[in-house]
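Shown here: coords_16.csv, CSV, N, CA, C and O atoms.
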```csv
chain,number,residue,atom,x,y,z
A,229,MET,N,87.0,-143.5,188.5
A,229,MET,CA,88.4,-143.6,188.6
A,229,MET,C,88.9,-144.3,187.3
A,229,MET,O,88.4,-145.4,187.0
A,230,GLU,N,89.8,-143.7,186.6
A,230,GLU,CA,90.3,-144.2,185.3
A,230,GLU,C,91.8,-144.7,185.6
A,230,GLU,O,92.7,-143.9,185.7
A,231,PRO,N,92.0,-146.0,185.8
A,231,PRO,CA,93.4,-146.4,186.0
A,231,PRO,C,94.2,-146.3,184.7
A,231,PRO,O,93.7,-146.6,183.6
A,232,LEU,N,95.5,-145.9,184.9
A,232,LEU,CA,96.4,-145.7,183.8
A,232,LEU,C,97.7,-146.4,184.0
A,232,LEU,O,98.2,-146.5,185.2
A,233,LEU,N,98.3,-146.9,183.0
A,233,LEU,CA,99.7,-147.3,183.0
A,233,LEU,C,100.5,-146.3,182.2
A,233,LEU,O,100.3,-146.1,181.0
A,234,LEU,N,101.4,-145.6,182.9
A,234,LEU,CA,102.3,-144.6,182.3
A,234,LEU,C,103.6,-145.2,182.0
A,234,LEU,O,104.2,-145.9,182.9
A,235,ILE,N,104.2,-144.9,180.8
A,235,ILE,CA,105.5,-145.5,180.5
A,235,ILE,C,106.4,-144.3,180.2
A,235,ILE,O,106.1,-143.4,179.5
A,236,THR,N,107.6,-144.4,180.8
A,236,THR,CA,108.7,-143.4,180.5
A,236,THR,C,110.0,-144.2,180.5
A,236,THR,O,110.1,-145.2,181.1
A,237,ASN,N,111.0,-143.6,179.8
A,237,ASN,CA,112.4,-144.2,179.8
A,237,ASN,C,113.3,-143.2,180.4
A,237,ASN,O,113.2,-142.0,180.2
A,238,CYS,N,114.3,-143.7,181.2
A,238,CYS,CA,115.2,-142.8,181.9
A,238,CYS,C,116.6,-143.2,181.4
A,238,CYS,O,116.9,-144.3,181.1
A,239,PRO,N,117.5,-142.2,181.4
A,239,PRO,CA,118.9,-142.4,180.9
A,239,PRO,C,119.7,-143.4,181.8
A,239,PRO,O,120.7,-144.0,181.3
A,240,ASP,N,119.4,-143.4,183.1
A,240,ASP,CA,120.2,-144.3,184.0
A,240,ASP,C,119.4,-144.6,185.3
A,240,ASP,O,118.3,-144.1,185.5
A,241,GLU,N,120.0,-145.5,186.1
A,241,GLU,CA,119.3,-145.9,187.3
A,241,GLU,C,119.1,-144.8,188.3
A,241,GLU,O,118.1,-144.8,189.0
A,242,THR,N,120.0,-143.9,188.4
A,242,THR,CA,119.9,-142.8,189.3
A,242,THR,C,118.6,-141.9,189.0
A,242,THR,O,117.8,-141.7,189.9
A,243,VAL,N,118.4,-141.6,187.8
A,243,VAL,CA,117.2,-140.8,187.4
A,243,VAL,C,116.0,-141.7,187.6
A,243,VAL,O,115.0,-141.2,188.1
A,244,ALA,N,116.0,-142.9,187.2
A,244,ALA,CA,114.9,-143.8,187.3
A,244,ALA,C,114.5,-143.9,188.7
A,244,ALA,O,113.3,-143.8,189.1
A,245,ASN,N,115.4,-144.2,189.6
A,245,ASN,CA,115.1,-144.3,191.1
A,245,ASN,C,114.5,-143.0,191.6
A,245,ASN,O,113.6,-143.0,192.4
A,246,ALA,N,115.1,-141.9,191.2
A,246,ALA,CA,114.7,-140.6,191.8
A,246,ALA,C,113.2,-140.3,191.3
A,246,ALA,O,112.4,-139.9,192.2
A,247,ILE,N,112.9,-140.6,190.1
A,247,ILE,CA,111.5,-140.3,189.6
A,247,ILE,C,110.6,-141.3,190.3
A,247,ILE,O,109.5,-140.9,190.8
A,248,ALA,N,110.9,-142.6,190.3
A,248,ALA,CA,110.1,-143.6,191.0
A,248,ALA,C,109.8,-143.2,192.4
A,248,ALA,O,108.6,-143.2,192.8
A,249,LEU,N,110.8,-142.9,193.2
A,249,LEU,CA,110.6,-142.6,194.6
A,249,LEU,C,109.7,-141.3,194.8
A,249,LEU,O,108.8,-141.3,195.6
A,250,ALA,N,110.0,-140.3,194.0
A,250,ALA,CA,109.3,-139.0,194.1
A,250,ALA,C,107.8,-139.2,193.8
A,250,ALA,O,107.0,-138.8,194.6
A,251,VAL,N,107.5,-139.9,192.7
A,251,VAL,CA,106.1,-140.0,192.4
A,251,VAL,C,105.3,-140.9,193.3
A,251,VAL,O,104.1,-140.6,193.5
A,252,VAL,N,105.9,-141.9,193.9
A,252,VAL,CA,105.2,-142.7,194.8
A,252,VAL,C,105.1,-142.0,196.2
A,252,VAL,O,104.0,-142.0,196.8
A,253,GLU,N,106.1,-141.4,196.6
A,253,GLU,CA,106.1,-140.6,197.9
A,253,GLU,C,105.0,-139.5,197.8
A,253,GLU,O,104.3,-139.2,198.8
A,254,GLU,N,104.9,-138.9,196.7
A,254,GLU,CA,104.0,-137.7,196.5
A,254,GLU,C,102.5,-138.2,196.1
A,254,GLU,O,101.7,-137.4,195.8
A,255,LYS,N,102.3,-139.5,196.1
A,255,LYS,CA,101.0,-140.1,195.8
A,255,LYS,C,100.5,-139.8,194.4
A,255,LYS,O,99.3,-139.7,194.2
A,256,LEU,N,101.5,-139.5,193.5
A,256,LEU,CA,101.1,-139.4,192.1
A,256,LEU,C,101.0,-140.7,191.4
A,256,LEU,O,100.4,-140.8,190.3
A,257,ALA,N,101.6,-141.7,192.0
A,257,ALA,CA,101.5,-143.1,191.5
A,257,ALA,C,101.4,-144.0,192.7
A,257,ALA,O,102.0,-143.7,193.8
A,258,ALA,N,100.8,-145.2,192.5
A,258,ALA,CA,100.7,-146.2,193.5
A,258,ALA,C,101.9,-147.1,193.5
A,258,ALA,O,102.3,-147.6,194.5
A,259,CYS,N,102.5,-147.3,192.3
A,259,CYS,CA,103.5,-148.3,192.2
A,259,CYS,C,104.3,-147.9,190.9
A,259,CYS,O,103.8,-147.4,189.9
A,260,VAL,N,105.6,-148.1,191.0
A,260,VAL,CA,106.5,-148.0,189.8
A,260,VAL,C,107.4,-149.2,189.7
A,260,VAL,O,108.0,-149.6,190.6
A,261,ASN,N,107.4,-149.8,188.5
A,261,ASN,CA,108.3,-150.9,188.2
A,261,ASN,C,109.5,-150.3,187.4
A,261,ASN,O,109.3,-149.7,186.4
A,262,LEU,N,110.7,-150.6,187.8
A,262,LEU,CA,111.9,-150.3,187.1
A,262,LEU,C,112.3,-151.5,186.4
A,262,LEU,O,112.6,-152.5,187.0
A,263,LEU,N,112.3,-151.5,185.0
A,263,LEU,CA,112.7,-152.7,184.2
A,263,LEU,C,114.2,-152.7,184.0
A,263,LEU,O,114.8,-151.7,184.1
A,264,PRO,N,114.7,-153.8,183.5
A,264,PRO,CA,116.1,-153.9,183.1
A,264,PRO,C,116.4,-153.0,181.9
A,264,PRO,O,115.5,-152.6,181.2
A,265,ARG,N,117.6,-152.6,181.9
A,265,ARG,CA,118.1,-151.7,180.8
A,265,ARG,C,117.7,-152.2,179.4
A,265,ARG,O,117.8,-153.4,179.2
A,266,VAL,N,117.2,-151.3,178.6
A,266,VAL,CA,116.9,-151.6,177.2
A,266,VAL,C,117.7,-150.7,176.2
A,266,VAL,O,118.2,-149.7,176.6
A,267,GLN,N,117.8,-151.1,175.0
A,267,GLN,CA,118.4,-150.3,174.0
A,267,GLN,C,117.3,-149.7,173.2
A,267,GLN,O,116.5,-150.4,172.6
A,268,SER,N,117.4,-148.3,173.1
A,268,SER,CA,116.4,-147.6,172.3
A,268,SER,C,117.0,-147.0,171.1
A,268,SER,O,118.1,-146.5,171.1
A,269,ILE,N,116.4,-147.2,169.9
A,269,ILE,CA,116.8,-146.6,168.7
A,269,ILE,C,115.7,-145.6,168.2
A,269,ILE,O,114.5,-146.0,168.1
A,270,TYR,N,116.0,-144.4,168.0
A,270,TYR,CA,115.0,-143.4,167.7
A,270,TYR,C,115.6,-142.3,166.8
A,270,TYR,O,116.9,-142.1,166.7
A,271,ARG,N,114.8,-141.5,166.2
A,271,ARG,CA,115.2,-140.3,165.4
A,271,ARG,C,115.0,-139.1,166.3
A,271,ARG,O,114.0,-138.9,166.9
A,272,TRP,N,116.1,-138.3,166.4
A,272,TRP,CA,116.0,-137.1,167.2
A,272,TRP,C,116.7,-135.9,166.4
A,272,TRP,O,117.8,-136.1,166.1
A,273,GLN,N,115.9,-134.9,166.1
A,273,GLN,CA,116.4,-133.8,165.4
A,273,GLN,C,117.1,-134.2,164.1
A,273,GLN,O,118.1,-133.7,163.7
A,274,GLY,N,116.4,-135.1,163.4
A,274,GLY,CA,116.8,-135.6,162.1
A,274,GLY,C,118.0,-136.6,162.0
A,274,GLY,O,118.4,-137.0,161.0
A,275,VAL,N,118.4,-137.0,163.2
A,275,VAL,CA,119.5,-138.0,163.3
A,275,VAL,C,119.0,-139.3,164.0
A,275,VAL,O,118.3,-139.2,165.0
A,276,VAL,N,119.4,-140.4,163.5
A,276,VAL,CA,119.1,-141.7,164.1
A,276,VAL,C,120.1,-141.8,165.3
A,276,VAL,O,121.3,-141.8,165.1
A,277,GLU,N,119.5,-142.0,166.5
A,277,GLU,CA,120.3,-142.2,167.7
A,277,GLU,C,120.1,-143.5,168.3
A,277,GLU,O,119.1,-144.2,168.0
A,278,SER,N,120.9,-143.9,169.2
A,278,SER,CA,120.8,-145.1,170.0
A,278,SER,C,121.2,-144.8,171.4
A,278,SER,O,122.2,-144.2,171.7
A,279,ALA,N,120.4,-145.3,172.4
A,279,ALA,CA,120.7,-145.0,173.8
A,279,ALA,C,120.3,-146.2,174.6
A,279,ALA,O,119.3,-146.9,174.3
A,280,SER,N,121.0,-146.4,175.7
A,280,SER,CA,120.6,-147.4,176.7
A,280,SER,C,119.8,-146.7,177.7
A,280,SER,O,120.2,-145.6,178.2
A,281,GLU,N,118.6,-147.3,178.1
A,281,GLU,CA,117.7,-146.6,179.0
A,281,GLU,C,117.0,-147.6,179.9
A,281,GLU,O,117.0,-148.8,179.7
A,282,ILE,N,116.5,-147.0,181.0
A,282,ILE,CA,115.8,-147.8,182.0
A,282,ILE,C,114.3,-147.5,181.9
A,282,ILE,O,113.9,-146.3,182.1
A,283,PRO,N,113.5,-148.4,181.5
A,283,PRO,CA,112.0,-148.2,181.4
A,283,PRO,C,111.3,-148.2,182.8
A,283,PRO,O,111.7,-148.9,183.6
A,284,LEU,N,110.4,-147.3,182.9
A,284,LEU,CA,109.5,-147.2,184.1
A,284,LEU,C,108.1,-147.5,183.7
A,284,LEU,O,107.6,-147.0,182.7
A,285,LEU,N,107.4,-148.4,184.5
A,285,LEU,CA,106.0,-148.7,184.3
A,285,LEU,C,105.4,-148.1,185.6
A,285,LEU,O,105.6,-148.5,186.7
A,286,ILE,N,104.6,-147.0,185.4
A,286,ILE,CA,104.0,-146.3,186.5
A,286,ILE,C,102.5,-146.5,186.5
A,286,ILE,O,101.8,-146.2,185.5
A,287,LYS,N,102.0,-146.9,187.7
A,287,LYS,CA,100.5,-147.1,187.8
A,287,LYS,C,99.9,-145.9,188.5
A,287,LYS,O,100.3,-145.6,189.6
A,288,THR,N,98.9,-145.3,187.9
A,288,THR,CA,98.3,-144.1,188.4
A,288,THR,C,96.8,-144.0,188.0
A,288,THR,O,96.3,-145.0,187.5
A,289,THR,N,96.2,-142.9,188.1
A,289,THR,CA,94.9,-142.7,187.7
A,289,THR,C,94.8,-141.4,186.8
A,289,THR,O,95.7,-140.6,186.8
A,290,GLY,N,93.7,-141.4,186.0
A,290,GLY,CA,93.5,-140.2,185.2
A,290,GLY,C,93.4,-138.9,186.0
A,290,GLY,O,93.9,-137.9,185.5
A,291,GLU,N,92.9,-139.0,187.2
A,291,GLU,CA,92.9,-137.8,188.0
A,291,GLU,C,94.2,-137.3,188.4
A,291,GLU,O,94.4,-136.1,188.6
A,292,ARG,N,95.2,-138.1,188.5
A,292,ARG,CA,96.6,-137.7,188.9
A,292,ARG,C,97.5,-137.5,187.7
A,292,ARG,O,98.6,-137.1,187.9
A,293,TYR,N,97.0,-137.8,186.5
A,293,TYR,CA,97.9,-137.7,185.3
A,293,TYR,C,98.6,-136.4,185.1
A,293,TYR,O,99.8,-136.3,184.9
A,294,ALA,N,97.9,-135.3,185.1
A,294,ALA,CA,98.5,-134.0,184.9
A,294,ALA,C,99.6,-133.6,185.9
A,294,ALA,O,100.7,-133.2,185.4
A,295,ALA,N,99.3,-133.9,187.1
A,295,ALA,CA,100.4,-133.6,188.1
A,295,ALA,C,101.6,-134.6,188.0
A,295,ALA,O,102.7,-134.2,188.1
A,296,LEU,N,101.3,-135.8,187.6
A,296,LEU,CA,102.3,-136.8,187.4
A,296,LEU,C,103.2,-136.4,186.2
A,296,LEU,O,104.4,-136.4,186.3
A,297,GLU,N,102.5,-136.0,185.1
A,297,GLU,CA,103.3,-135.6,183.9
A,297,GLU,C,104.2,-134.4,184.3
A,297,GLU,O,105.4,-134.4,183.9
A,298,ALA,N,103.6,-133.4,185.0
A,298,ALA,CA,104.4,-132.2,185.3
A,298,ALA,C,105.6,-132.6,186.2
A,298,ALA,O,106.7,-132.1,186.0
A,299,ARG,N,105.4,-133.5,187.2
A,299,ARG,CA,106.5,-133.9,188.0
A,299,ARG,C,107.6,-134.7,187.3
A,299,ARG,O,108.8,-134.4,187.5
A,300,ILE,N,107.2,-135.5,186.4
A,300,ILE,CA,108.2,-136.3,185.6
A,300,ILE,C,109.0,-135.2,184.8
A,300,ILE,O,110.2,-135.3,184.7
A,301,ARG,N,108.3,-134.3,184.2
A,301,ARG,CA,109.0,-133.3,183.3
A,301,ARG,C,110.0,-132.5,184.2
A,301,ARG,O,111.1,-132.1,183.7
A,302,GLU,N,109.7,-132.2,185.5
A,302,GLU,CA,110.6,-131.5,186.4
A,302,GLU,C,111.8,-132.3,186.7
A,302,GLU,O,112.9,-131.7,186.7
A,303,LEU,N,111.7,-133.6,186.9
A,303,LEU,CA,112.8,-134.4,187.3
A,303,LEU,C,113.6,-135.1,186.2
A,303,LEU,O,114.7,-135.5,186.4
A,304,HIS,N,113.0,-135.1,185.0
A,304,HIS,CA,113.6,-135.8,183.9
A,304,HIS,C,114.6,-134.9,183.2
A,304,HIS,O,114.3,-133.8,182.9
A,305,PRO,N,115.8,-135.5,182.8
A,305,PRO,CA,116.8,-134.6,182.1
A,305,PRO,C,116.6,-134.4,180.6
A,305,PRO,O,117.2,-133.6,180.0
A,306,TYR,N,115.7,-135.3,180.0
A,306,TYR,CA,115.5,-135.1,178.6
A,306,TYR,C,114.7,-133.9,178.3
A,306,TYR,O,113.8,-133.5,179.0
A,307,THR,N,115.0,-133.2,177.2
A,307,THR,CA,114.2,-132.1,176.7
A,307,THR,C,112.8,-132.5,176.4
A,307,THR,O,111.8,-131.8,176.8
A,308,VAL,N,112.6,-133.7,175.8
A,308,VAL,CA,111.2,-134.2,175.5
A,308,VAL,C,111.2,-135.6,176.0
A,308,VAL,O,111.5,-136.6,175.2
A,309,PRO,N,110.9,-135.9,177.3
A,309,PRO,CA,110.9,-137.2,177.7
A,309,PRO,C,109.7,-138.0,177.2
A,309,PRO,O,108.6,-137.4,176.9
A,310,GLU,N,109.8,-139.3,177.0
A,310,GLU,CA,108.7,-140.1,176.5
A,310,GLU,C,107.8,-140.2,177.7
A,310,GLU,O,108.2,-140.7,178.8
A,311,ILE,N,106.6,-139.8,177.6
A,311,ILE,CA,105.5,-140.0,178.6
A,311,ILE,C,104.3,-140.4,177.9
A,311,ILE,O,103.7,-139.6,177.1
A,312,ILE,N,104.0,-141.7,178.0
A,312,ILE,CA,102.8,-142.3,177.3
A,312,ILE,C,101.9,-142.9,178.4
A,312,ILE,O,102.4,-143.7,179.2
A,313,ALA,N,100.6,-142.6,178.3
A,313,ALA,CA,99.6,-143.2,179.2
A,313,ALA,C,98.7,-144.1,178.5
A,313,ALA,O,98.2,-143.7,177.4
A,314,VAL,N,98.6,-145.3,179.0
A,314,VAL,CA,97.7,-146.3,178.4
A,314,VAL,C,96.6,-146.6,179.4
A,314,VAL,O,96.9,-147.0,180.5
A,315,PRO,N,95.4,-146.5,178.9
A,315,PRO,CA,94.3,-146.9,179.9
A,315,PRO,C,94.3,-148.4,180.2
A,315,PRO,O,94.6,-149.2,179.4
A,316,ILE,N,94.0,-148.6,181.5
A,316,ILE,CA,93.9,-150.0,182.0
A,316,ILE,C,92.4,-150.3,181.9
A,316,ILE,O,91.6,-149.8,182.8
A,317,SER,N,92.0,-151.1,181.0
A,317,SER,CA,90.5,-151.3,180.8
A,317,SER,C,90.0,-152.4,181.7
A,317,SER,O,88.8,-152.4,182.0
A,318,ARG,N,90.9,-153.3,182.2
A,318,ARG,CA,90.5,-154.4,183.1
A,318,ARG,C,91.6,-154.7,184.0
A,318,ARG,O,92.8,-154.5,183.7
A,319,GLY,N,91.2,-155.2,185.2
A,319,GLY,CA,92.2,-155.7,186.1
A,319,GLY,C,91.5,-156.2,187.4
A,319,GLY,O,90.3,-156.1,187.5
A,320,LEU,N,92.3,-156.8,188.2
A,320,LEU,CA,91.8,-157.4,189.5
A,320,LEU,C,91.2,-156.2,190.3
A,320,LEU,O,91.8,-155.2,190.5
A,321,PRO,N,89.9,-156.3,190.6
A,321,PRO,CA,89.2,-155.2,191.3
A,321,PRO,C,89.9,-154.7,192.5
A,321,PRO,O,90.0,-153.5,192.8
A,322,ALA,N,90.4,-155.7,193.3
A,322,ALA,CA,91.1,-155.3,194.6
A,322,ALA,C,92.3,-154.5,194.3
A,322,ALA,O,92.7,-153.5,195.0
A,323,TYR,N,93.1,-154.9,193.2
A,323,TYR,CA,94.3,-154.1,192.8
A,323,TYR,C,93.9,-152.7,192.3
A,323,TYR,O,94.5,-151.7,192.7
A,324,LEU,N,92.9,-152.6,191.5
A,324,LEU,CA,92.5,-151.3,191.0
A,324,LEU,C,92.0,-150.4,192.1
A,324,LEU,O,92.2,-149.2,192.1
A,325,ASN,N,91.3,-151.0,193.1
A,325,ASN,CA,90.8,-150.2,194.3
A,325,ASN,C,92.0,-149.7,195.1
A,325,ASN,O,92.1,-148.6,195.5
A,326,TRP,N,93.0,-150.6,195.2
A,326,TRP,CA,94.3,-150.2,195.9
A,326,TRP,C,95.0,-149.0,195.2
A,326,TRP,O,95.4,-148.1,195.8
A,327,LEU,N,95.1,-149.2,193.9
A,327,LEU,CA,95.7,-148.1,193.0
A,327,LEU,C,95.0,-146.8,193.3
A,327,LEU,O,95.6,-145.8,193.5
A,328,ALA,N,93.7,-146.8,193.2
A,328,ALA,CA,92.9,-145.6,193.4
A,328,ALA,C,93.1,-145.0,194.8
A,328,ALA,O,93.3,-143.8,195.0
A,329,GLU,N,93.1,-145.9,195.8
A,329,GLU,CA,93.3,-145.4,197.2
A,329,GLU,C,94.7,-144.8,197.4
A,329,GLU,O,94.9,-143.8,198.1
A,330,GLU,N,95.7,-145.4,196.8
A,330,GLU,CA,97.1,-145.0,197.0
A,330,GLU,C,97.4,-143.7,196.3
A,330,GLU,O,98.4,-143.0,196.6
A,331,THR,N,96.6,-143.3,195.3
A,331,THR,CA,96.9,-142.1,194.6
A,331,THR,C,95.9,-141.0,194.9
A,331,THR,O,96.0,-139.9,194.4
A,332,ARG,N,95.1,-141.2,195.9
A,332,ARG,CA,94.1,-140.2,196.4
A,332,ARG,C,94.9,-139.1,197.1
A,332,ARG,O,95.6,-139.4,198.0
A,333,PRO,N,94.8,-137.8,196.7
A,333,PRO,CA,95.5,-136.8,197.4
A,333,PRO,C,95.2,-136.6,198.9
A,333,PRO,O,94.1,-136.9,199.3
```
Since I need it in another form, could you write the structure as C-alpha cells?
Amino acid sequence: MEPLLLITNCPDETVANAIALAVVEEKLAACVNLLPRVQSIYRWQGVVESASEIPLLIKTTGERYAALEARIRELHPYTVPEIIAVPISRGLPAYLNWLAEETRP
C-alpha cells in the first residue's frame, strides 16, 4: 500500500464540497480536507492570471490514484485541473492502516 496526499484547487466551495463528498463516498479517498480560500497566481495560455481558490488535501493510496484522478477530472470545471500526488513516506501506522482500509474497493 502506497499512501498518497493528493492536492487540487477548486474555484469555489460548491465544487470543493462536491468533489470531496464524491471521492470519500466512492472510497477513492479516506479523507479530504477543505482549506480556507487562497489566492493563486499562475500563467495560463500565455497570460498571467489570478484566482481565488479552495485547496483540497485528499488522502488516498497508489492503488486508487487512477480512479481518483479520473473522477476529479469528471467533476472539476477546469480544463486542466491541478492534480498533484505526493507520496507519504512516513506516518502513524494506525492512521495509514485506516487510510488503506477506507480506500479498499
In Å, how far is it from atom C of Leu263 of chain A to atom N of Ile311 of chain A? 16.3 Å
For segment 314-330 of chain A, find every residue with an atom within 12 Å (counting only C-alpha atoms), except residues of its own chain fewer than 2 positions away, and show them as an MDAnalysis selection string. chainID A and resid 229:236 251:260 285:293 311:312 332:333
So what do you get for atom N of Thr331 of chain A versus atom O of Ala250 of chain A, distance-wise?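 Taking atom N of Thr331 of chain A as the start and atom O of Ala250 of chain A as the end point, the length is 11.4 Å.
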Mind giving me the straight-line distance from atom CA of Cys238 of chain A to atom CA of Ile269 of chain A in Å, one decimal? 13.8 Å
Which residues in segment 245-302 of chain A does DSSP call strand (DSSP E)? List them as JSON, numbers by chain. {"A": [259, 260, 261, 262, 266, 267, 268, 269, 270, 271, 272, 275, 276, 277, 278, 279, 280, 281, 282, 283, 284, 285, 286, 287, 288, 289]}
Could you save the residues just selected, with N, CA, C and O atoms, as an mmCIF file, in the frame of the given file?
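Output contents, as saved in selection-v6.cif:
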```
data_model
loop_
_atom_site.group_PDB
_atom_site.id
_atom_site.type_symbol
_atom_site.label_atom_id
_atom_site.label_comp_id
_atom_site.auth_asym_id
_atom_site.auth_seq_id
_atom_site.Cartn_x
_atom_site.Cartn_y
_atom_site.Cartn_z
ATOM 1 N N CYS A 259 102.500 -147.300 192.300
ATOM 2 C CA CYS A 259 103.500 -148.300 192.200
ATOM 3 C C CYS A 259 104.300 -147.900 190.900
ATOM 4 O O CYS A 259 103.800 -147.400 189.900
ATOM 5 N N VAL A 260 105.600 -148.100 191.000
ATOM 6 C CA VAL A 260 106.500 -148.000 189.800
ATOM 7 C C VAL A 260 107.400 -149.200 189.700
ATOM 8 O O VAL A 260 108.000 -149.600 190.600
ATOM 9 N N ASN A 261 107.400 -149.800 188.500
ATOM 10 C CA ASN A 261 108.300 -150.900 188.200
ATOM 11 C C ASN A 261 109.500 -150.300 187.400
ATOM 12 O O ASN A 261 109.300 -149.700 186.400
ATOM 13 N N LEU A 262 110.700 -150.600 187.800
ATOM 14 C CA LEU A 262 111.900 -150.300 187.100
ATOM 15 C C LEU A 262 112.300 -151.500 186.400
ATOM 16 O O LEU A 262 112.600 -152.500 187.000
ATOM 17 N N VAL A 266 117.200 -151.300 178.600
ATOM 18 C CA VAL A 266 116.900 -151.600 177.200
ATOM 19 C C VAL A 266 117.700 -150.700 176.200
ATOM 20 O O VAL A 266 118.200 -149.700 176.600
ATOM 21 N N GLN A 267 117.800 -151.100 175.000
ATOM 22 C CA GLN A 267 118.400 -150.300 174.000
ATOM 23 C C GLN A 267 117.300 -149.700 173.200
ATOM 24 O O GLN A 267 116.500 -150.400 172.600
ATOM 25 N N SER A 268 117.400 -148.300 173.100
ATOM 26 C CA SER A 268 116.400 -147.600 172.300
ATOM 27 C C SER A 268 117.000 -147.000 171.100
ATOM 28 O O SER A 268 118.100 -146.500 171.100
ATOM 29 N N ILE A 269 116.400 -147.200 169.900
ATOM 30 C CA ILE A 269 116.800 -146.600 168.700
ATOM 31 C C ILE A 269 115.700 -145.600 168.200
ATOM 32 O O ILE A 269 114.500 -146.000 168.100
ATOM 33 N N TYR A 270 116.000 -144.400 168.000
ATOM 34 C CA TYR A 270 115.000 -143.400 167.700
ATOM 35 C C TYR A 270 115.600 -142.300 166.800
ATOM 36 O O TYR A 270 116.900 -142.100 166.700
ATOM 37 N N ARG A 271 114.800 -141.500 166.200
ATOM 38 C CA ARG A 271 115.200 -140.300 165.400
ATOM 39 C C ARG A 271 115.000 -139.100 166.300
ATOM 40 O O ARG A 271 114.000 -138.900 166.900
ATOM 41 N N TRP A 272 116.100 -138.300 166.400
ATOM 42 C CA TRP A 272 116.000 -137.100 167.200
ATOM 43 C C TRP A 272 116.700 -135.900 166.400
ATOM 44 O O TRP A 272 117.800 -136.100 166.100
ATOM 45 N N VAL A 275 118.400 -137.000 163.200
ATOM 46 C CA VAL A 275 119.500 -138.000 163.300
ATOM 47 C C VAL A 275 119.000 -139.300 164.000
ATOM 48 O O VAL A 275 118.300 -139.200 165.000
ATOM 49 N N VAL A 276 119.400 -140.400 163.500
ATOM 50 C CA VAL A 276 119.100 -141.700 164.100
ATOM 51 C C VAL A 276 120.100 -141.800 165.300
ATOM 52 O O VAL A 276 121.300 -141.800 165.100
ATOM 53 N N GLU A 277 119.500 -142.000 166.500
ATOM 54 C CA GLU A 277 120.300 -142.200 167.700
ATOM 55 C C GLU A 277 120.100 -143.500 168.300
ATOM 56 O O GLU A 277 119.100 -144.200 168.000
ATOM 57 N N SER A 278 120.900 -143.900 169.200
ATOM 58 C CA SER A 278 120.800 -145.100 170.000
ATOM 59 C C SER A 278 121.200 -144.800 171.400
ATOM 60 O O SER A 278 122.200 -144.200 171.700
ATOM 61 N N ALA A 279 120.400 -145.300 172.400
ATOM 62 C CA ALA A 279 120.700 -145.000 173.800
ATOM 63 C C ALA A 279 120.300 -146.200 174.600
ATOM 64 O O ALA A 279 119.300 -146.900 174.300
ATOM 65 N N SER A 280 121.000 -146.400 175.700
ATOM 66 C CA SER A 280 120.600 -147.400 176.700
ATOM 67 C C SER A 280 119.800 -146.700 177.700
ATOM 68 O O SER A 280 120.200 -145.600 178.200
ATOM 69 N N GLU A 281 118.600 -147.300 178.100
ATOM 70 C CA GLU A 281 117.700 -146.600 179.000
ATOM 71 C C GLU A 281 117.000 -147.600 179.900
ATOM 72 O O GLU A 281 117.000 -148.800 179.700
ATOM 73 N N ILE A 282 116.500 -147.000 181.000
ATOM 74 C CA ILE A 282 115.800 -147.800 182.000
ATOM 75 C C ILE A 282 114.300 -147.500 181.900
ATOM 76 O O ILE A 282 113.900 -146.300 182.100
ATOM 77 N N PRO A 283 113.500 -148.400 181.500
ATOM 78 C CA PRO A 283 112.000 -148.200 181.400
ATOM 79 C C PRO A 283 111.300 -148.200 182.800
ATOM 80 O O PRO A 283 111.700 -148.900 183.600
ATOM 81 N N LEU A 284 110.400 -147.300 182.900
ATOM 82 C CA LEU A 284 109.500 -147.200 184.100
ATOM 83 C C LEU A 284 108.100 -147.500 183.700
ATOM 84 O O LEU A 284 107.600 -147.000 182.700
ATOM 85 N N LEU A 285 107.400 -148.400 184.500
ATOM 86 C CA LEU A 285 106.000 -148.700 184.300
ATOM 87 C C LEU A 285 105.400 -148.100 185.600
ATOM 88 O O LEU A 285 105.600 -148.500 186.700
ATOM 89 N N ILE A 286 104.600 -147.000 185.400
ATOM 90 C CA ILE A 286 104.000 -146.300 186.500
ATOM 91 C C ILE A 286 102.500 -146.500 186.500
ATOM 92 O O ILE A 286 101.800 -146.200 185.500
ATOM 93 N N LYS A 287 102.000 -146.900 187.700
ATOM 94 C CA LYS A 287 100.500 -147.100 187.800
ATOM 95 C C LYS A 287 99.900 -145.900 188.500
ATOM 96 O O LYS A 287 100.300 -145.600 189.600
ATOM 97 N N THR A 288 98.900 -145.300 187.900
ATOM 98 C CA THR A 288 98.300 -144.100 188.400
ATOM 99 C C THR A 288 96.800 -144.000 188.000
ATOM 100 O O THR A 288 96.300 -145.000 187.500
ATOM 101 N N THR A 289 96.200 -142.900 188.100
ATOM 102 C CA THR A 289 94.900 -142.700 187.700
ATOM 103 C C THR A 289 94.800 -141.400 186.800
ATOM 104 O O THR A 289 95.700 -140.600 186.800
#
```
Per DSSP on the backbone, what are the helix (DSSP H, G or I) residues of segment 249-311 of chain A, as number ranges by chain? A: 249-253, 290-303
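Nearest to Thr242 of chain A of all the residues A:Val266, A:Leu284, A:Leu303, A:Ala298 is A:Leu303, counting all atoms listed in the file.
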Would you compute an axis-aligned box for segment 237-247 of chain A, covering every atom listed for it in the file with 6 Å of margin on each side, and report centre and edge lengths in Å to one decimal as JSON?
```
{"center_x": 115.1, "center_y": -142.9, "center_z": 186.1, "size_x": 23.2, "size_y": 18.0, "size_z": 24.6}
```
